[in-house]
Each structure stands twice: as structure tokens, then as C-alpha cells.
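Below is start25.cif, which holds mmCIF, C-alpha atoms.
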data_my_file
loop_
_atom_site.label_atom_id
_atom_site.label_comp_id
_atom_site.auth_asym_id
_atom_site.auth_seq_id
_atom_site.Cartn_x
_atom_site.Cartn_y
_atom_site.Cartn_z
CA MET T 1 1.60 -40.17 2.85
CA SER T 2 3.73 -37.07 3.29
CA ILE T 3 4.57 -35.23 0.10
CA ARG T 4 7.68 -33.04 -0.17
CA VAL T 5 6.98 -29.89 -2.17
CA LEU T 6 9.38 -27.32 -3.65
CA ILE T 7 7.62 -23.93 -3.90
CA VAL T 8 8.81 -21.61 -6.68
CA ASP T 9 7.40 -18.07 -6.80
CA ASP T 10 9.06 -14.65 -6.80
CA ALA T 11 6.43 -13.33 -4.36
CA PRO T 12 7.16 -14.13 -0.68
CA PHE T 13 3.42 -13.70 -0.03
CA MET T 14 2.55 -16.51 -2.45
CA ARG T 15 5.29 -18.77 -1.08
CA LYS T 16 3.94 -18.19 2.44
CA ASN T 17 0.37 -18.96 1.33
CA LEU T 18 1.38 -22.16 -0.44
CA ALA T 19 3.61 -23.22 2.47
CA LYS T 20 0.67 -22.77 4.85
CA ILE T 21 -1.59 -24.94 2.69
CA ILE T 22 1.10 -27.63 2.43
CA ALA T 23 1.82 -27.59 6.19
CA GLU T 24 -1.89 -27.73 7.10
CA LYS T 25 -2.25 -30.79 4.89
CA GLY T 26 0.59 -32.44 6.81
CA TRP T 27 2.99 -32.34 3.88
CA GLU T 28 6.52 -30.94 3.92
CA VAL T 29 7.97 -27.85 2.26
CA ALA T 30 11.17 -29.29 0.83
CA GLY T 31 12.45 -25.89 -0.25
CA GLU T 32 11.59 -22.49 -1.71
CA ALA T 33 12.93 -20.60 -4.71
CA GLY T 34 12.31 -17.09 -6.00
CA ASN T 35 13.10 -17.58 -9.68
CA GLY T 36 13.64 -20.30 -12.27
CA ARG T 37 17.38 -20.49 -11.82
CA GLU T 38 17.05 -21.02 -8.08
CA ALA T 39 14.34 -23.60 -8.77
CA ILE T 40 16.70 -25.70 -10.89
CA GLU T 41 19.36 -25.57 -8.17
CA GLN T 42 16.87 -26.36 -5.41
CA PHE T 43 15.33 -29.22 -7.39
CA ALA T 44 18.73 -30.87 -7.76
CA ALA T 45 19.56 -30.29 -4.11
CA VAL T 46 16.34 -31.36 -2.34
CA LYS T 47 14.78 -33.82 -4.85
CA PRO T 48 11.15 -32.89 -4.06
CA ASP T 49 8.16 -35.08 -4.90
CA VAL T 50 6.34 -32.13 -6.51
CA VAL T 51 7.29 -28.60 -7.62
CA THR T 52 4.76 -25.72 -7.70
CA MET T 53 6.07 -23.30 -10.32
CA ASP T 54 5.10 -19.68 -10.98
CA ILE T 55 5.50 -18.45 -14.56
CA THR T 56 6.35 -14.74 -14.49
CA MET T 57 9.53 -14.37 -12.47
CA PRO T 58 12.70 -12.29 -12.80
CA GLU T 59 16.00 -13.76 -14.03
CA MET T 60 14.50 -17.00 -15.39
CA ASP T 61 10.78 -17.63 -15.89
CA GLY T 62 8.87 -20.75 -14.93
CA ILE T 63 8.58 -22.12 -18.44
CA ALA T 64 12.34 -22.16 -18.97
CA ALA T 65 12.73 -23.73 -15.53
CA VAL T 66 10.20 -26.54 -16.13
CA LYS T 67 11.93 -27.36 -19.43
CA ALA T 68 15.28 -27.59 -17.65
CA ILE T 69 13.97 -29.60 -14.71
CA VAL T 70 11.99 -32.11 -16.79
CA GLY T 71 14.87 -32.23 -19.26
CA SER T 72 17.23 -33.32 -16.51
CA ASP T 73 14.70 -35.58 -14.76
CA PRO T 74 11.78 -36.80 -16.93
CA SER T 75 10.05 -38.17 -13.82
CA ALA T 76 9.86 -34.69 -12.24
CA ARG T 77 6.35 -33.63 -11.23
CA VAL T 78 5.79 -29.91 -11.81
CA VAL T 79 2.51 -28.07 -11.25
CA MET T 80 2.35 -24.60 -12.82
CA CYS T 81 0.84 -21.87 -10.65
CA SER T 82 0.11 -18.60 -12.36
CA ALA T 83 -2.37 -15.78 -12.86
CA VAL T 84 -5.39 -16.29 -15.05
CA GLY T 85 -4.80 -14.92 -18.53
CA GLN T 86 -1.59 -16.79 -19.07
CA GLN T 87 -3.25 -19.90 -20.49
CA ASP T 88 -1.08 -19.86 -23.59
CA MET T 89 2.00 -20.03 -21.38
CA ILE T 90 0.40 -22.75 -19.28
CA VAL T 91 -0.20 -24.80 -22.44
CA GLU T 92 3.46 -24.35 -23.36
CA ALA T 93 4.52 -25.39 -19.87
CA VAL T 94 2.34 -28.51 -19.99
CA ARG T 95 3.84 -29.37 -23.39
CA SER T 96 7.23 -28.97 -21.73
CA GLY T 97 6.35 -31.56 -19.11
CA ALA T 98 4.28 -29.86 -16.40
CA LYS T 99 1.63 -32.19 -14.96
CA ASP T 100 -1.09 -29.63 -14.15
CA PHE T 101 -1.69 -25.97 -13.50
CA ILE T 102 -3.28 -23.85 -10.78
CA VAL T 103 -4.76 -20.47 -11.61
CA LYS T 104 -4.25 -17.53 -9.22
CA PRO T 105 -6.13 -16.46 -7.20
CA PHE T 106 -6.48 -20.06 -6.11
CA GLN T 107 -8.49 -21.98 -3.55
CA LYS T 108 -6.75 -24.26 -1.06
CA GLU T 109 -8.66 -27.30 -2.33
CA ARG T 110 -7.43 -26.73 -5.89
CA VAL T 111 -3.81 -26.65 -4.75
CA ILE T 112 -4.20 -29.91 -2.83
CA ALA T 113 -5.98 -31.60 -5.74
CA ALA T 114 -3.30 -30.53 -8.22
CA ILE T 115 -0.45 -31.82 -6.02
CA GLU T 116 -2.23 -35.11 -5.30
CA GLY T 117 -3.04 -35.43 -9.00
CA ALA T 118 0.59 -34.87 -9.97
CA MET T 119 1.64 -37.61 -7.53
CA SER T 120 -0.72 -40.07 -9.19
CA LYS T 121 0.54 -39.40 -12.72
CA MET F 1 -2.47 -2.72 -36.31
CA SER F 2 -4.85 -2.50 -33.36
CA THR F 3 -7.69 0.02 -33.50
CA SER F 4 -8.35 -0.37 -29.79
CA THR F 5 -8.31 2.81 -27.74
CA GLY F 6 -7.11 3.79 -24.31
CA LEU F 7 -10.68 3.47 -23.14
CA ASP F 8 -10.73 -0.18 -24.27
CA PHE F 9 -7.51 -0.85 -22.38
CA ILE F 10 -8.63 0.74 -19.14
CA ARG F 11 -11.97 -1.05 -19.36
CA ALA F 12 -10.05 -4.33 -19.66
CA PHE F 13 -8.14 -3.55 -16.48
CA GLY F 14 -11.23 -2.28 -14.70
CA GLN F 15 -13.09 -5.49 -15.50
CA ALA F 16 -10.14 -7.62 -14.43
CA ALA F 17 -9.78 -5.63 -11.21
CA GLU F 18 -13.44 -6.18 -10.34
CA GLN F 19 -13.14 -9.94 -10.83
CA VAL F 20 -9.90 -10.36 -8.90
CA LEU F 21 -10.83 -7.99 -6.04
CA GLN F 22 -14.13 -9.82 -5.62
CA GLU F 23 -12.31 -13.13 -5.38
CA VAL F 24 -9.42 -11.96 -3.18
CA LEU F 25 -11.10 -9.32 -0.98
CA SER F 26 -14.69 -10.59 -1.28
CA GLU F 27 -15.71 -7.11 -2.40
CA THR F 28 -16.53 -5.69 -5.81
CA PRO F 29 -15.18 -2.14 -6.14
CA THR F 30 -17.32 0.72 -7.35
CA ARG F 31 -15.75 1.92 -10.58
CA GLY F 32 -15.66 5.71 -11.04
CA ALA F 33 -15.55 7.71 -14.24
CA PRO F 34 -12.34 7.57 -16.32
CA THR F 35 -10.21 10.68 -16.64
CA PHE F 36 -7.57 11.45 -19.27
CA GLN F 37 -4.13 12.63 -18.22
CA MET F 38 -3.36 15.74 -20.22
CA GLY F 39 0.43 15.37 -20.19
CA PRO F 40 3.13 12.77 -19.52
CA THR F 41 2.91 13.25 -15.73
CA ILE F 42 0.86 10.53 -14.08
CA PRO F 43 -0.89 10.72 -10.73
CA LEU F 44 0.94 8.76 -8.03
CA GLN F 45 -0.22 8.01 -4.50
CA GLU F 46 1.70 7.12 -1.34
CA VAL F 47 1.91 3.47 -2.40
CA ASN F 48 2.11 2.51 -6.09
CA VAL F 49 2.41 -0.93 -7.64
CA GLN F 50 3.44 -0.77 -11.30
CA VAL F 51 3.29 -3.46 -13.97
CA GLY F 52 4.78 -3.17 -17.46
CA ILE F 53 3.08 -4.34 -20.65
CA THR F 54 5.21 -5.72 -23.49
CA GLY F 55 4.56 -7.39 -26.83
CA ASP F 56 2.15 -6.11 -29.49
CA LEU F 57 1.02 -3.64 -26.84
CA THR F 58 3.46 -1.62 -24.78
CA GLY F 59 3.01 0.59 -21.73
CA HIS F 60 2.46 0.73 -18.01
CA VAL F 61 -0.21 0.19 -15.39
CA ASN F 62 -0.17 1.77 -11.93
CA PHE F 63 -2.22 0.77 -8.90
CA GLY F 64 -1.98 3.73 -6.52
CA MET F 65 -3.41 4.02 -3.02
CA ASN F 66 -2.78 5.80 0.25
CA MET F 67 -0.95 4.11 3.11
CA TYR F 68 -4.13 3.35 5.06
CA THR F 69 -5.69 1.57 2.09
CA ALA F 70 -2.46 -0.27 1.27
CA LYS F 71 -2.24 -1.65 4.82
CA ALA F 72 -5.93 -2.54 4.88
CA VAL F 73 -5.85 -4.37 1.52
CA ALA F 74 -2.64 -6.23 2.43
CA GLY F 75 -4.17 -7.10 5.80
CA ILE F 76 -7.24 -8.67 4.20
CA MET F 77 -5.04 -10.70 1.86
CA MET F 78 -2.74 -11.83 4.69
CA MET F 79 -5.64 -12.39 7.10
CA GLU F 80 -3.84 -10.42 9.82
CA GLU F 81 -3.49 -6.81 10.90
CA VAL F 82 -0.76 -4.97 9.00
CA ALA F 83 0.82 -2.23 11.14
CA GLU F 84 3.76 -1.58 8.81
CA LEU F 85 4.07 -2.13 5.10
CA ASP F 86 6.86 -4.68 5.38
CA GLU F 87 8.25 -7.03 2.71
CA MET F 88 5.40 -9.52 3.09
CA ALA F 89 2.70 -6.84 2.85
CA ILE F 90 4.36 -5.29 -0.21
CA SER F 91 4.57 -8.76 -1.74
CA ALA F 92 0.83 -9.23 -1.16
CA LEU F 93 0.03 -5.93 -2.91
CA SER F 94 2.39 -6.84 -5.75
CA GLU F 95 0.68 -10.18 -6.17
CA LEU F 96 -2.71 -8.48 -6.27
CA ALA F 97 -1.47 -6.25 -9.12
CA ASN F 98 0.04 -9.29 -10.84
CA MET F 99 -3.25 -11.19 -10.67
CA ILE F 100 -5.25 -8.24 -12.02
CA ALA F 101 -2.75 -7.66 -14.83
CA GLY F 102 -2.69 -11.37 -15.67
CA ASN F 103 -6.47 -11.41 -15.81
CA ALA F 104 -6.52 -8.25 -17.96
CA ARG F 105 -4.03 -9.87 -20.33
CA THR F 106 -6.83 -12.17 -21.52
CA TYR F 107 -8.83 -9.14 -22.65
CA LEU F 108 -5.78 -7.35 -24.07
CA ASN F 109 -4.91 -10.35 -26.20
CA GLN F 110 -8.45 -10.41 -27.54
CA LEU F 111 -8.27 -6.69 -28.31
CA ALA F 112 -4.85 -6.32 -29.83
CA GLY F 113 -2.75 -9.43 -30.23
CA PHE F 114 -0.15 -10.91 -27.93
CA SER F 115 0.98 -9.01 -24.87
CA ASP F 116 2.85 -9.97 -21.74
CA ILE F 117 3.23 -8.52 -18.27
CA THR F 118 6.41 -7.80 -16.33
CA PRO F 119 6.87 -8.56 -12.62
CA PRO F 120 5.46 -5.76 -10.43
CA SER F 121 7.58 -2.98 -8.94
CA VAL F 122 6.61 -0.80 -5.98
CA LEU F 123 7.13 2.95 -5.49
CA MET F 124 6.38 4.57 -2.13
CA GLY F 125 6.61 8.14 -0.92
CA ALA F 126 4.58 11.04 0.39
CA SER F 127 5.17 13.48 -2.49
CA ILE F 128 6.27 11.60 -5.56
CA SER F 129 5.45 12.03 -9.21
CA GLY F 130 6.15 10.09 -12.37
CA THR F 131 6.05 10.44 -16.14
CA TRP F 132 5.21 7.94 -18.85
CA ALA F 133 6.56 8.84 -22.28
CA HIS F 134 4.81 8.00 -25.58
CA VAL F 135 1.52 6.96 -23.98
CA ARG F 136 -1.57 8.88 -23.02
CA ALA F 137 -2.65 7.62 -19.66
CA MET F 138 -6.17 7.28 -18.30
CA SER F 139 -7.22 6.76 -14.70
CA ILE F 140 -10.24 5.35 -12.93
CA PRO F 141 -10.91 5.18 -9.19
CA LEU F 142 -11.88 1.80 -7.76
CA ALA F 143 -13.67 2.47 -4.47
CA LEU F 144 -13.52 -0.19 -1.76
CA GLY F 145 -14.51 -0.24 1.88
CA ALA F 146 -10.82 0.06 2.73
CA GLY F 147 -10.35 3.11 0.50
CA THR F 148 -9.73 3.82 -3.15
CA ILE F 149 -7.33 2.18 -5.55
CA HIS F 150 -6.44 4.60 -8.34
CA LEU F 151 -5.93 2.56 -11.50
CA THR F 152 -3.90 4.34 -14.19
CA VAL F 153 -3.31 2.72 -17.56
CA GLY F 154 -1.04 4.00 -20.36
CA ILE F 155 -0.89 1.49 -23.20
CA ARG F 156 -0.46 1.83 -26.96
CA ALA F 157 -0.06 -0.53 -29.88
CA LYS F 158 3.66 -0.98 -30.52
CA GLU F 159 3.48 0.19 -34.14
CA SER F 160 2.13 3.62 -33.29
CA LYS F 161 3.39 6.53 -31.20
#
If you convert what's in this file into C-alpha cells, what do you get?
Amino acid sequence: MSIRVLIVDDAPFMRKNLAKIIAEKGWEVAGEAGNGREAIEQFAAVKPDVVTMDITMPEMDGIAAVKAIVGSDPSARVVMCSAVGQQDMIVEAVRSGAKDFIVKPFQKERVIAAIEGAMSK
Amino acid sequence: MSTSTGLDFIRAFGQAAEQVLQEVLSETPTRGAPTFQMGPTIPLQEVNVQVGITGDLTGHVNFGMNMYTAKAVAGIMMMEEVAELDEMAISALSELANMIAGNARTYLNQLAGFSDITPPSVLMGASISGTWAHVRAMSIPLALGAGTIHLTVGIRAKESK
């Protein structure tokens, strides 16, 4: 089954890394966004199966974005993806509707497991 | 109010840097002796990635390195040779600083209450200098096979100046 993923991260390097993992798995990158505001717009436009969401981003952070996305679509599947040490924020994001979280630096297998897990929830 | 010192803060970043560099570059850096900066001027290198600290703690962190080291570190992260420090290579270095600062945040929160990190910014130039007001900075060299990353930390508890 192909999964369509929206990648949200302000770092082009991280977006490229995640896109490579998704492509190698045979899934599709439905879109990319560099901050929370763009993520909300992209989510509405491309209707992805799963969103990978960074937390610390300029303009609008990932926690505000996950609240807005899940608020507009309670079935949205969002996986937080952020640096270790931000567990308190990850807890807040999960309370806001995120399905799982990935800690940076991450392993490819963890990314795949989190996306597959979000699809099964 | 926190009783933690600059030495505690730079140790937190040094420890975080060791963990993240080991995971990302598969190499644990050799940590040199810390040095105090005697004035507000901080040592900058050719390539500098800076992260801000906000919350109960406030200040700055700088990851400085020469161009050769910057290209080499970015190249390892990108798994390709980096001839020029383009947007993608700068993004890789920024993400490295972000991961180290995020990791250090765990220790900072244990030391002195809630703190947060700002997105990284990058300064490049052959002969540049900078100043950090209201903080006394400390530096430690982190020696890698690709060269040295000069870690400079200037953090204070928000209540004190």
C-alpha cells in the first residue's frame, strides 16, 4: 500500500532525508512545508495520509500546527519529529492529537515504523 | 533562582554534543579544556551556527568551525562530497546544532527550570567578530577527525545579570 506523506520541517536537509526514506519505501511525498502555517495550507490542499511534523520552526511551530490540523480534521494522522530534549513539547503535541513521535537524530526504521503505526491507528 | 554556573551550562552542551556527534558522525569528539571569555567579544570562526536560549535561562550558543571542517561535517551528514557550502549543506549544519541544543535542553531543564531553543542562524565570513551582552561566555574545542568545532556558550538565569 502506498502512503502519501506531507513532510513539515524548516530544515531542507531534514525534508530531503525524510523524502529519501519515504521514496525508498515506495511511498509518496504528497508535499513539503517549512513552517506550521504552510503545513496547514498544504494539509488542506493535498490531503495526505500522514504528516511528519517538526516542532521548532519559524512563523508557526509544530504544536500550534498539529492543533489546527487535528482541529479541522480529527482523523488527521500526525507524527511529531523533533530533537531529543523536547519531550514535554512532544507530550503536549500528542495530547493535541499527534499519533506518535520520532526523535532526531532518527534511524530510517523508526521513521517507517512511526508512519506505519499512525496508519494503523 | 538557579545556582548553576557557566561551567554547568557548557558541560551540558559538551555532553549533548558528544552524544549527537557520535550518533550522526559516528565519532565521539575529544573535548578540550574550557576557557572563559574575558569580555563581551566572542570568538567566531569562518562558519558559525548560532542557537538562542529562552525561558528561565537566556543566552546564546555558537558552533564555530573553519570552512574545511564545515564542508567535511556537512558531507558526512549528507553522505556526499560537499564542494561548496550551499543551502543544503548549511541546513545540515543547522540541523546538527539544533539536535545538540535540543539534547542539551534536557540537561538545562534539570539544572535550571524550563528553557527553550530558537531555530539556528548561520554567520559566515573570513574575519568576523561578535559580542554577547549580559552573559559571560565560555568556550571548549571539540576535536574531530574532520577538524575542530569550537563550542561557545553564554547563558545566564533570567533573574540575574
Contacts of chain F with chain T up to 6 Å, shortest pair per row, all atoms listed in the file, as JSON lines:
{"residue": "F:Met88", "atom": "CA", "partner": "T:Phe13", "partner_atom": "CA", "distance": 5.6}
{"residue": "F:Ser91", "atom": "CA", "partner": "T:Phe13", "partner_atom": "CA", "distance": 5.4}
{"residue": "F:Ala92", "atom": "CA", "partner": "T:Phe13", "partner_atom": "CA", "distance": 5.3}
{"residue": "F:Met99", "atom": "CA", "partner": "T:Ala83", "partner_atom": "CA", "distance": 5.2}
{"residue": "F:Gly102", "atom": "CA", "partner": "T:Gly85", "partner_atom": "CA", "distance": 5.0}
{"residue": "F:Asn103", "atom": "CA", "partner": "T:Gly85", "partner_atom": "CA", "distance": 4.7}
{"residue": "F:Arg105", "atom": "CA", "partner": "T:Gly85", "partner_atom": "CA", "distance": 5.4}
{"residue": "F:Thr106", "atom": "CA", "partner": "T:Gly85", "partner_atom": "CA", "distance": 4.5}
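Atom CA of F:Gly145 lies 18.0 Å from atom CA of F:Ala33.
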Residue by residue, what does the PyMOL selection byres ((chain F and resi 36) around 8) grab here? Present the result as number ranges by chain. F: 34-35, 37-38, 136-139
Using all atoms of stretch 125-136 of chain F listed in the file and a margin of 5 Å per side, can you give the axis-aligned box centre and edge lengths in Å to one decimal, as JSON?
{"center_x": 2.5, "center_y": 10.2, "center_z": -12.6, "size_x": 18.2, "size_y": 16.5, "size_z": 36.0}
Would you translate the PyMOL selection byres ((chain T and resi 55) around 10) into the concrete set of residues it matches in this file, as an MDAnalysis selection string? chainID T and resid 8:10 35:36 53:54 56:58 60:66 80:83 86 89:90 93
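Using all atoms listed in the file, the shortest contact distance between T:Glu28 and any of T:Val5, T:Ala98, T:Ile112, T:Val46 is found at T:Val5.
Computed from the coordinates, the atom CA of F:Met65 to atom CA of F:Ile149 distance equals 5.0 Å.
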Distance query stretch 69-72 of chain F at most 10 Å, only C-alpha atoms, self and fewer than 3 positions along chain excluded, as a ChimeraX atom specification: /F:46-48,64-66,75-78,80-86,89-90,92-93,144-149
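Here atom CA of F:Thr131 stands at a distance of 18.2 Å from atom CA of F:Thr118.
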Determine the residue membership of the PyMOL selection byres ((chain T and resi 77) around 12) for the file above and supply it as a PyMOL selection string. chain T and resi 3-6+43+47-53+66-67+69-71+73-76+78-80+94+96-101+114-121
So, with only C-alpha atoms as the atoms that count, which of F:Phe63, F:Pro141, F:Lys158, F:Val135 lies closest to F:Leu123? F:Phe63
Neighbour residues at most 9 Å from (-2.2, -0.7, -12.7) (only C-alpha atoms) as a PDB file with C-alpha atoms, in the coordinates of the input:
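Dumped everything to result.pdb:
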ATOM      1  CA  PHE F  13      -8.140  -3.550 -16.480  1.00  0.00           C
ATOM      2  CA  ASN F  48       2.110   2.510  -6.090  1.00  0.00           C
ATOM      3  CA  VAL F  49       2.410  -0.930  -7.640  1.00  0.00           C
ATOM      4  CA  GLN F  50       3.440  -0.770 -11.300  1.00  0.00           C
ATOM      5  CA  VAL F  51       3.290  -3.460 -13.970  1.00  0.00           C
ATOM      6  CA  GLY F  52       4.780  -3.170 -17.460  1.00  0.00           C
ATOM      7  CA  HIS F  60       2.460   0.730 -18.010  1.00  0.00           C
ATOM      8  CA  VAL F  61      -0.210   0.190 -15.390  1.00  0.00           C
ATOM      9  CA  ASN F  62      -0.170   1.770 -11.930  1.00  0.00           C
ATOM     10  CA  PHE F  63      -2.220   0.770  -8.900  1.00  0.00           C
ATOM     11  CA  GLY F  64      -1.980   3.730  -6.520  1.00  0.00           C
ATOM     12  CA  ALA F  97      -1.470  -6.250  -9.120  1.00  0.00           C
ATOM     13  CA  ILE F 100      -5.250  -8.240 -12.020  1.00  0.00           C
ATOM     14  CA  ALA F 101      -2.750  -7.660 -14.830  1.00  0.00           C
ATOM     15  CA  HIS F 150      -6.440   4.600  -8.340  1.00  0.00           C
ATOM     16  CA  LEU F 151      -5.930   2.560 -11.500  1.00  0.00           C
ATOM     17  CA  THR F 152      -3.900   4.340 -14.190  1.00  0.00           C
ATOM     18  CA  VAL F 153      -3.310   2.720 -17.560  1.00  0.00           C
TER      19      VAL F 153
END
Using all atoms listed in the file, collect all residues at a distance of at most 12 Å from (-12.4, -8.1, -9.9) as written in the file, then present them as a PyMOL selection string. (chain T and resi 84+105) or (chain F and resi 11-31+96-97+99-104+142-144)
Produce a file of the selected residues containing C-alpha atoms, as a PDB file, in the coordinates of the input.
ATOM      1  CA  VAL T  84      -5.390 -16.290 -15.050  1.00  0.00           C
ATOM      2  CA  PRO T 105      -6.130 -16.460  -7.200  1.00  0.00           C
TER       3      PRO T 105
ATOM      4  CA  ARG F  11     -11.970  -1.050 -19.360  1.00  0.00           C
ATOM      5  CA  ALA F  12     -10.050  -4.330 -19.660  1.00  0.00           C
ATOM      6  CA  PHE F  13      -8.140  -3.550 -16.480  1.00  0.00           C
ATOM      7  CA  GLY F  14     -11.230  -2.280 -14.700  1.00  0.00           C
ATOM      8  CA  GLN F  15     -13.090  -5.490 -15.500  1.00  0.00           C
ATOM      9  CA  ALA F  16     -10.140  -7.620 -14.430  1.00  0.00           C
ATOM     10  CA  ALA F  17      -9.780  -5.630 -11.210  1.00  0.00           C
ATOM     11  CA  GLU F  18     -13.440  -6.180 -10.340  1.00  0.00           C
ATOM     12  CA  GLN F  19     -13.140  -9.940 -10.830  1.00  0.00           C
ATOM     13  CA  VAL F  20      -9.900 -10.360  -8.900  1.00  0.00           C
ATOM     14  CA  LEU F  21     -10.830  -7.990  -6.040  1.00  0.00           C
ATOM     15  CA  GLN F  22     -14.130  -9.820  -5.620  1.00  0.00           C
ATOM     16  CA  GLU F  23     -12.310 -13.130  -5.380  1.00  0.00           C
ATOM     17  CA  VAL F  24      -9.420 -11.960  -3.180  1.00  0.00           C
ATOM     18  CA  LEU F  25     -11.100  -9.320  -0.980  1.00  0.00           C
ATOM     19  CA  SER F  26     -14.690 -10.590  -1.280  1.00  0.00           C
ATOM     20  CA  GLU F  27     -15.710  -7.110  -2.400  1.00  0.00           C
ATOM     21  CA  THR F  28     -16.530  -5.690  -5.810  1.00  0.00           C
ATOM     22  CA  PRO F  29     -15.180  -2.140  -6.140  1.00  0.00           C
ATOM     23  CA  THR F  30     -17.320   0.720  -7.350  1.00  0.00           C
ATOM     24  CA  ARG F  31     -15.750   1.920 -10.580  1.00  0.00           C
ATOM     25  CA  LEU F  96      -2.710  -8.480  -6.270  1.00  0.00           C
ATOM     26  CA  ALA F  97      -1.470  -6.250  -9.120  1.00  0.00           C
ATOM     27  CA  MET F  99      -3.250 -11.190 -10.670  1.00  0.00           C
ATOM     28  CA  ILE F 100      -5.250  -8.240 -12.020  1.00  0.00           C
ATOM     29  CA  ALA F 101      -2.750  -7.660 -14.830  1.00  0.00           C
ATOM     30  CA  GLY F 102      -2.690 -11.370 -15.670  1.00  0.00           C
ATOM     31  CA  ASN F 103      -6.470 -11.410 -15.810  1.00  0.00           C
ATOM     32  CA  ALA F 104      -6.520  -8.250 -17.960  1.00  0.00           C
ATOM     33  CA  LEU F 142     -11.880   1.800  -7.760  1.00  0.00           C
ATOM     34  CA  ALA F 143     -13.670   2.470  -4.470  1.00  0.00           C
ATOM     35  CA  LEU F 144     -13.520  -0.190  -1.760  1.00  0.00           C
TER      36      LEU F 144
END
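With distances taken over only C-alpha atoms, F:Leu44 is the one residue among F:Leu44, F:Leu57, F:Ala74, F:Ile140 lying closest to F:Ser127.
You can rank F:Ile117, F:Ser129, F:Asn109, F:Glu95 by their closest distance to T:Arg15 using all atoms listed in the file, and at the top of that list sits F:Glu95.
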